[in-house]
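Everything below concerns the one structure shown next.
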Amino acid sequence: MVRVRLAPSPTGYLHIGSARTALFNWLYARRYKGKLLLRIEDTDRVRSEERFLNEIITDLKWLGIDWEGEPIYQSKRFDVYRDAAEGLIKQGRAYREGEAYIFKVEKARVIEVDDMIHGKVVFNTNEIKDQVMIKSDGSPTYNFSCVIDDAHLLITHIIRGDDHLSNTPKQILFYEALGLEAPQFGHMPLIMGMDGAKLSKRHGGVSVEEYRREGFLPEALVNYLLLLGWSPGSDREIIPIEEAEKVFDINNMKGVQAKFDIAKLRWMNGEYIAAKPDKELLPLIKKQMSDAAGICRIPDDKLLEVVKLYKVRMKTLSEFVRMTDHFFTDDYSMEEKAAQKYLTSAESKNILHEFSARLEKLRDFSHSAIEETCRLMAEEKKLKAANVIHPTRVAISGKAAGAGLFEMMEVLGKSKVLERMRKAAA
Ligand code: GLU
């Protein structure tokens, strides 16, 4: 049976690359009906922090990644590592240097790794120094505790980032010395920025938590990360995880470096938002609104109307807050350039004056009635509809773009619309 694992170190937030690794391990377990286990690599007592651990677990769950049973903590297994190191000393495979335990690396040996993603990768032990197993402070090194625990957990496949490829021959030496069978390895190329440099903040953010806060949907981030290392064998891009689970094949994993394209992720997120039922978006939007303002007092039915208008327009949930402030406060932001262009001339002011006077007479303030009033006025005054629409839009929303003007006016309601138009016309 397939047994894979996640092995995060709680010394920082969940990196977008680790999230992708986690996702592929999860997918691998699902696809082959195996198990995914969680091991916390908290051997560095100084740098490991509870808040990071909590954040990592929150982020994994948010992405929909679940695992089998309780996590194991390396910090609770120092005795196990020391016993194993002692055993190697007794066999003459290791030596002590003060408090430290060091493994003797036999020279001039060729170690072959048959990598699931890269194929055959060859190392020579001449390049490998004797390996510390237990440091003088009593904590194990990553390579040593990793091998002991992967064997203990009966891991069959290790899928991780390319940054660990050079550790693999060292780990293989430990498997051999301890008389353990090595699992299969698969190393995924790292995620790079569009400019080919190591992924960093300027490429759009490196931790999952930043994307969560920004209002990305987990299903969109998952879909995007999936395509950063794998392709379904066609050029389809929107592939929900439920579908990927059925068709995932490790042989279709790409051995080339993936480039993180924030514009594409934003596009994909927009697609997922547009396709999400309004009722499911509502609580997520409310969360964004209250994160931004401290509290969200807007009644659900009102918010829902605005969500319906904007769900096809926002790329992230946090954008909603900025795009729609004019529905919820009179103190909405005003785009300087748009105001300059559409609200300052005498002609614009006359148009706003005339249009508001006509709208005032409407009993039914529906978008179709508003639209008809607008078209009729344009015809009678020999104007283009755009000459009426642009100043009106800027007057009532402060923005040059947004949802359809007439729908927006209907949702805002007659009195707000007239109030704002008159103010702009004055
Ligand atoms: N704690 C290591 C990391 O987060 C685990 C590497 C591995 O999967 O072996 O990079």
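So you can find residues: chains in the structure tokens are A, B, ... in the order shown, residues in each start at 1, and ligands are numbered from 1 in order.
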
Write out as a list in words which residues come within 6 Å of segment 159-164 of chain A when counting only C-alpha atoms, dropping same-chain ones fewer than 5 positions away. Thr21, Gly186, His187, Met188 and Pro189 of chain A

Using only C-alpha atoms and all ligand atoms, which residues have at least one atom no more than 6 Å from ligand 1? Output them as an mmCIF file with C-alpha atoms, in the first residue's frame.
data_model
loop_
_atom_site.group_PDB
_atom_site.id
_atom_site.type_symbol
_atom_site.label_atom_id
_atom_site.label_comp_id
_atom_site.auth_asym_id
_atom_site.auth_seq_id
_atom_site.Cartn_x
_atom_site.Cartn_y
_atom_site.Cartn_z
ATOM 1 C CA ALA A 7 7.199 16.700 6.802
ATOM 2 C CA PRO A 8 6.935 20.428 7.490
ATOM 3 C CA SER A 9 9.361 22.263 9.745
ATOM 4 C CA GLU A 41 10.136 18.224 11.870
ATOM 5 C CA ARG A 160 9.488 16.542 -2.132
#

Can you tell me, as a list in words, what residues are no more than 10 Å from Lys399 of chain A when counting only C-alpha atoms, ignoring any on the same chain fewer than 2 positions away? Met323, Thr324, His326, Tyr332, Ser333, Met334, Glu335, Glu336, Lys337, Ala338, Ala339, His390, Pro391, Arg393, Val394, Ala395, Ile396, Ser397, Ala401 and Gly402 of chain A

Using only C-alpha atoms, determine which residues lie at most 10 Å from Ala424 of chain A, disregarding the query and same-chain residues fewer than 2 positions distant; provide the list as a PyMOL selection string. chain A and resi 339+343-344+348-349+352-353+391-392+394-396+418-422+426

With all heavy atoms kept, could you save the residues just selected as a compact mmCIF listing (two decimals), in the first residue's frame?
# COMPACT_ATOMS: atom_id res chain seq x y z
N ALA A 339 -12.91 61.74 -12.15
CA ALA A 339 -13.69 62.90 -11.71
C ALA A 339 -13.31 64.12 -12.55
O ALA A 339 -14.17 64.88 -12.99
CB ALA A 339 -13.42 63.16 -10.22
N LEU A 343 -16.62 64.97 -14.51
CA LEU A 343 -17.50 65.72 -13.62
C LEU A 343 -17.25 67.22 -13.59
O LEU A 343 -18.00 67.95 -12.95
CB LEU A 343 -17.38 65.17 -12.17
CG LEU A 343 -17.79 63.72 -11.95
CD1 LEU A 343 -17.68 63.37 -10.47
CD2 LEU A 343 -19.21 63.45 -12.44
N THR A 344 -16.23 67.69 -14.28
CA THR A 344 -15.90 69.12 -14.11
C THR A 344 -16.53 70.06 -15.14
O THR A 344 -16.80 71.21 -14.83
CB THR A 344 -14.37 69.31 -14.10
OG1 THR A 344 -13.84 68.68 -15.26
CG2 THR A 344 -13.73 68.74 -12.85
N SER A 348 -21.11 68.28 -18.61
CA SER A 348 -21.38 67.13 -17.75
C SER A 348 -22.38 67.49 -16.65
O SER A 348 -23.30 66.74 -16.34
CB SER A 348 -20.10 66.65 -17.07
OG SER A 348 -19.20 66.17 -18.01
N LYS A 349 -22.18 68.66 -16.08
CA LYS A 349 -23.07 69.08 -15.00
C LYS A 349 -24.52 69.23 -15.51
O LYS A 349 -25.46 68.82 -14.84
CB LYS A 349 -22.57 70.37 -14.36
CG LYS A 349 -21.32 70.13 -13.49
CD LYS A 349 -20.90 71.41 -12.78
CE LYS A 349 -19.53 71.28 -12.11
NZ LYS A 349 -19.52 70.47 -10.89
N LEU A 352 -25.97 65.74 -16.00
CA LEU A 352 -26.34 65.13 -14.72
C LEU A 352 -27.62 65.76 -14.17
O LEU A 352 -28.48 65.08 -13.62
CB LEU A 352 -25.20 65.28 -13.70
CG LEU A 352 -23.98 64.37 -13.95
CD1 LEU A 352 -22.82 64.77 -13.03
CD2 LEU A 352 -24.36 62.90 -13.71
N HIS A 353 -27.72 67.04 -14.35
CA HIS A 353 -28.90 67.76 -13.87
C HIS A 353 -30.16 67.26 -14.59
O HIS A 353 -31.16 66.89 -13.97
CB HIS A 353 -28.70 69.26 -14.11
CG HIS A 353 -29.86 70.09 -13.66
ND1 HIS A 353 -30.10 70.35 -12.33
CD2 HIS A 353 -30.87 70.66 -14.37
CE1 HIS A 353 -31.21 71.05 -12.23
NE2 HIS A 353 -31.70 71.26 -13.46
N PRO A 391 -20.48 60.28 -16.99
CA PRO A 391 -20.57 61.18 -15.83
C PRO A 391 -21.43 60.58 -14.71
O PRO A 391 -21.11 60.74 -13.54
CB PRO A 391 -21.24 62.44 -16.39
CG PRO A 391 -21.09 62.37 -17.87
CD PRO A 391 -21.00 60.92 -18.23
N THR A 392 -22.50 59.89 -15.10
CA THR A 392 -23.38 59.32 -14.09
C THR A 392 -22.64 58.26 -13.27
O THR A 392 -22.71 58.22 -12.04
CB THR A 392 -24.64 58.69 -14.75
OG1 THR A 392 -25.25 59.67 -15.57
CG2 THR A 392 -25.62 58.20 -13.70
N VAL A 394 -19.43 57.94 -12.73
CA VAL A 394 -18.43 58.52 -11.83
C VAL A 394 -19.12 59.22 -10.65
O VAL A 394 -18.70 59.11 -9.50
CB VAL A 394 -17.49 59.48 -12.58
CG1 VAL A 394 -16.45 60.07 -11.62
CG2 VAL A 394 -16.77 58.76 -13.72
N ALA A 395 -20.23 59.90 -10.95
CA ALA A 395 -20.94 60.62 -9.89
C ALA A 395 -21.45 59.67 -8.80
O ALA A 395 -21.32 59.95 -7.61
CB ALA A 395 -22.11 61.41 -10.48
N ILE A 396 -22.01 58.54 -9.21
CA ILE A 396 -22.64 57.69 -8.18
C ILE A 396 -21.68 56.66 -7.58
O ILE A 396 -21.95 56.10 -6.54
CB ILE A 396 -23.90 56.96 -8.72
CG1 ILE A 396 -23.53 55.94 -9.80
CG2 ILE A 396 -24.94 57.95 -9.23
CD1 ILE A 396 -24.63 54.96 -10.06
N LEU A 418 -30.08 59.90 -6.83
CA LEU A 418 -30.41 61.31 -7.08
C LEU A 418 -29.55 62.23 -6.23
O LEU A 418 -29.04 63.24 -6.71
CB LEU A 418 -31.90 61.55 -6.81
CG LEU A 418 -32.87 60.87 -7.78
CD1 LEU A 418 -34.31 61.26 -7.45
CD2 LEU A 418 -32.55 61.21 -9.23
N GLU A 419 -29.38 61.84 -4.99
CA GLU A 419 -28.56 62.65 -4.08
C GLU A 419 -27.16 62.86 -4.65
O GLU A 419 -26.64 63.96 -4.69
CB GLU A 419 -28.52 61.92 -2.74
CG GLU A 419 -27.79 62.58 -1.61
CD GLU A 419 -27.68 61.61 -0.42
OE1 GLU A 419 -28.71 61.00 -0.03
OE2 GLU A 419 -26.55 61.42 0.08
N ARG A 420 -26.56 61.77 -5.12
CA ARG A 420 -25.18 61.84 -5.62
C ARG A 420 -25.09 62.59 -6.96
O ARG A 420 -24.15 63.34 -7.20
CB ARG A 420 -24.59 60.45 -5.75
CG ARG A 420 -24.36 59.81 -4.39
CD ARG A 420 -23.83 58.40 -4.48
NE ARG A 420 -23.74 57.82 -3.14
CZ ARG A 420 -23.31 56.59 -2.88
NH1 ARG A 420 -22.92 55.81 -3.88
NH2 ARG A 420 -23.27 56.16 -1.65
N MET A 421 -26.10 62.36 -7.80
CA MET A 421 -26.07 63.06 -9.09
C MET A 421 -26.22 64.57 -8.89
O MET A 421 -25.55 65.37 -9.54
CB MET A 421 -27.16 62.53 -10.00
CG MET A 421 -26.87 61.14 -10.53
SD MET A 421 -28.23 60.47 -11.50
CE MET A 421 -28.02 61.39 -13.03
N ARG A 422 -27.09 64.94 -7.98
CA ARG A 422 -27.33 66.38 -7.75
C ARG A 422 -26.12 67.04 -7.15
O ARG A 422 -25.73 68.15 -7.51
CB ARG A 422 -28.52 66.56 -6.80
CG ARG A 422 -29.83 66.32 -7.51
CD ARG A 422 -30.98 66.50 -6.56
NE ARG A 422 -32.22 66.13 -7.20
CZ ARG A 422 -33.20 65.45 -6.60
NH1 ARG A 422 -33.04 65.04 -5.33
NH2 ARG A 422 -34.28 65.16 -7.25
N ALA A 426 -24.02 70.09 -8.98
CA ALA A 426 -24.01 71.42 -8.34
C ALA A 426 -22.69 72.16 -8.53
O ALA A 426 -21.65 71.53 -8.64
CB ALA A 426 -24.31 71.28 -6.85

Excluding segment 174-183 of chain A and its own-chain neighbours fewer than 2 positions away, which residues fall within 9 Å of it when counting only C-alpha atoms? Please give them as a ChimeraX atom specification. /A:84,87-88,93,103,143-144,147-148,150-151,154-158,169-172,185

Close residues, Arg47 of chain A itself excluded, 10 Å, only C-alpha atoms, min 4 positions apart in chain, as JSON, numbers by chain: {"A": [9, 10, 11, 12, 42, 43, 52]}

Can you pull out every residue from segment 205-250 of chain A that DSSP, working from the backbone, puts in alpha helix (DSSP H), and format the result as an MDAnalysis selection string? chainID A and resid 208:214 218:227 241:247

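Closest approach to Gly196 of chain A among A:Thr125, A:Ser345, A:Asn25, A:Gln257 is made by A:Gln257 (distances from only C-alpha atoms).
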
Set the distance at 6 Å and use only C-alpha atoms: which residues neighbour segment 202-219 of chain A once local chain neighbours fewer than 4 positions away are removed? I'd like the list as a PyMOL selection string. chain A and resi 14-16+63+193+316-318

Please save all heavy atoms of the selected residues as a PDB file, in the first residue's frame.
ATOM      1  N   LEU A  14       3.676  28.392   5.860  1.00  0.00           N
ATOM      2  CA  LEU A  14       3.632  27.387   4.792  1.00  0.00           C
ATOM      3  C   LEU A  14       3.940  28.073   3.458  1.00  0.00           C
ATOM      4  O   LEU A  14       3.161  28.893   2.977  1.00  0.00           O
ATOM      5  CB  LEU A  14       2.259  26.710   4.751  1.00  0.00           C
ATOM      6  CG  LEU A  14       2.119  25.553   3.755  1.00  0.00           C
ATOM      7  CD1 LEU A  14       2.989  24.363   4.157  1.00  0.00           C
ATOM      8  CD2 LEU A  14       0.657  25.105   3.645  1.00  0.00           C
ATOM      9  N   HIS A  15       5.060  27.706   2.896  1.00  0.00           N
ATOM     10  CA  HIS A  15       5.521  28.283   1.628  1.00  0.00           C
ATOM     11  C   HIS A  15       4.666  27.710   0.506  1.00  0.00           C
ATOM     12  O   HIS A  15       4.201  26.581   0.572  1.00  0.00           O
ATOM     13  CB  HIS A  15       6.998  27.913   1.445  1.00  0.00           C
ATOM     14  CG  HIS A  15       7.662  28.579   0.285  1.00  0.00           C
ATOM     15  ND1 HIS A  15       7.547  28.108  -0.995  1.00  0.00           N
ATOM     16  CD2 HIS A  15       8.461  29.678   0.224  1.00  0.00           C
ATOM     17  CE1 HIS A  15       8.245  28.900  -1.811  1.00  0.00           C
ATOM     18  NE2 HIS A  15       8.811  29.858  -1.090  1.00  0.00           N
ATOM     19  N   ILE A  16       4.495  28.510  -0.524  1.00  0.00           N
ATOM     20  CA  ILE A  16       3.666  28.096  -1.643  1.00  0.00           C
ATOM     21  C   ILE A  16       4.233  26.818  -2.302  1.00  0.00           C
ATOM     22  O   ILE A  16       3.487  25.948  -2.760  1.00  0.00           O
ATOM     23  CB  ILE A  16       3.518  29.290  -2.633  1.00  0.00           C
ATOM     24  CG1 ILE A  16       2.273  29.171  -3.461  1.00  0.00           C
ATOM     25  CG2 ILE A  16       4.743  29.536  -3.437  1.00  0.00           C
ATOM     26  CD1 ILE A  16       1.093  29.804  -2.821  1.00  0.00           C
ATOM     27  N   LEU A  63      -6.567  24.306   2.427  1.00  0.00           N
ATOM     28  CA  LEU A  63      -6.375  23.816   1.053  1.00  0.00           C
ATOM     29  C   LEU A  63      -7.123  22.505   0.807  1.00  0.00           C
ATOM     30  O   LEU A  63      -7.172  22.027  -0.317  1.00  0.00           O
ATOM     31  CB  LEU A  63      -4.883  23.609   0.771  1.00  0.00           C
ATOM     32  CG  LEU A  63      -4.046  24.881   0.634  1.00  0.00           C
ATOM     33  CD1 LEU A  63      -2.562  24.552   0.654  1.00  0.00           C
ATOM     34  CD2 LEU A  63      -4.404  25.645  -0.642  1.00  0.00           C
ATOM     35  N   GLY A 193       9.992  32.492  -9.931  1.00  0.00           N
ATOM     36  CA  GLY A 193       9.231  33.657 -10.380  1.00  0.00           C
ATOM     37  C   GLY A 193       9.263  33.711 -11.901  1.00  0.00           C
ATOM     38  O   GLY A 193      10.043  32.999 -12.536  1.00  0.00           O
ATOM     39  N   THR A 316     -10.057  38.708  -6.914  1.00  0.00           N
ATOM     40  CA  THR A 316      -9.865  38.195  -5.552  1.00  0.00           C
ATOM     41  C   THR A 316     -11.017  38.725  -4.710  1.00  0.00           C
ATOM     42  O   THR A 316     -11.634  39.729  -5.057  1.00  0.00           O
ATOM     43  CB  THR A 316      -8.551  38.701  -4.910  1.00  0.00           C
ATOM     44  OG1 THR A 316      -8.642  40.117  -4.747  1.00  0.00           O
ATOM     45  CG2 THR A 316      -7.338  38.349  -5.763  1.00  0.00           C
ATOM     46  N   LEU A 317     -11.267  38.070  -3.581  1.00  0.00           N
ATOM     47  CA  LEU A 317     -12.369  38.509  -2.731  1.00  0.00           C
ATOM     48  C   LEU A 317     -12.079  39.870  -2.100  1.00  0.00           C
ATOM     49  O   LEU A 317     -12.989  40.648  -1.848  1.00  0.00           O
ATOM     50  CB  LEU A 317     -12.622  37.480  -1.626  1.00  0.00           C
ATOM     51  CG  LEU A 317     -13.024  36.079  -2.099  1.00  0.00           C
ATOM     52  CD1 LEU A 317     -13.080  35.117  -0.923  1.00  0.00           C
ATOM     53  CD2 LEU A 317     -14.370  36.108  -2.825  1.00  0.00           C
ATOM     54  N   SER A 318     -10.793  40.161  -1.876  1.00  0.00           N
ATOM     55  CA  SER A 318     -10.495  41.444  -1.236  1.00  0.00           C
ATOM     56  C   SER A 318     -10.746  42.607  -2.203  1.00  0.00           C
ATOM     57  O   SER A 318     -11.018  43.716  -1.772  1.00  0.00           O
ATOM     58  CB  SER A 318      -9.066  41.476  -0.694  1.00  0.00           C
ATOM     59  OG  SER A 318      -8.151  41.408  -1.755  1.00  0.00           O
TER      60      SER A 318
END

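Nearest to Val46 of chain A of all the residues A:Asp79, A:Asp137, A:Asp364, A:Glu354 is A:Asp137, based on only C-alpha atoms.
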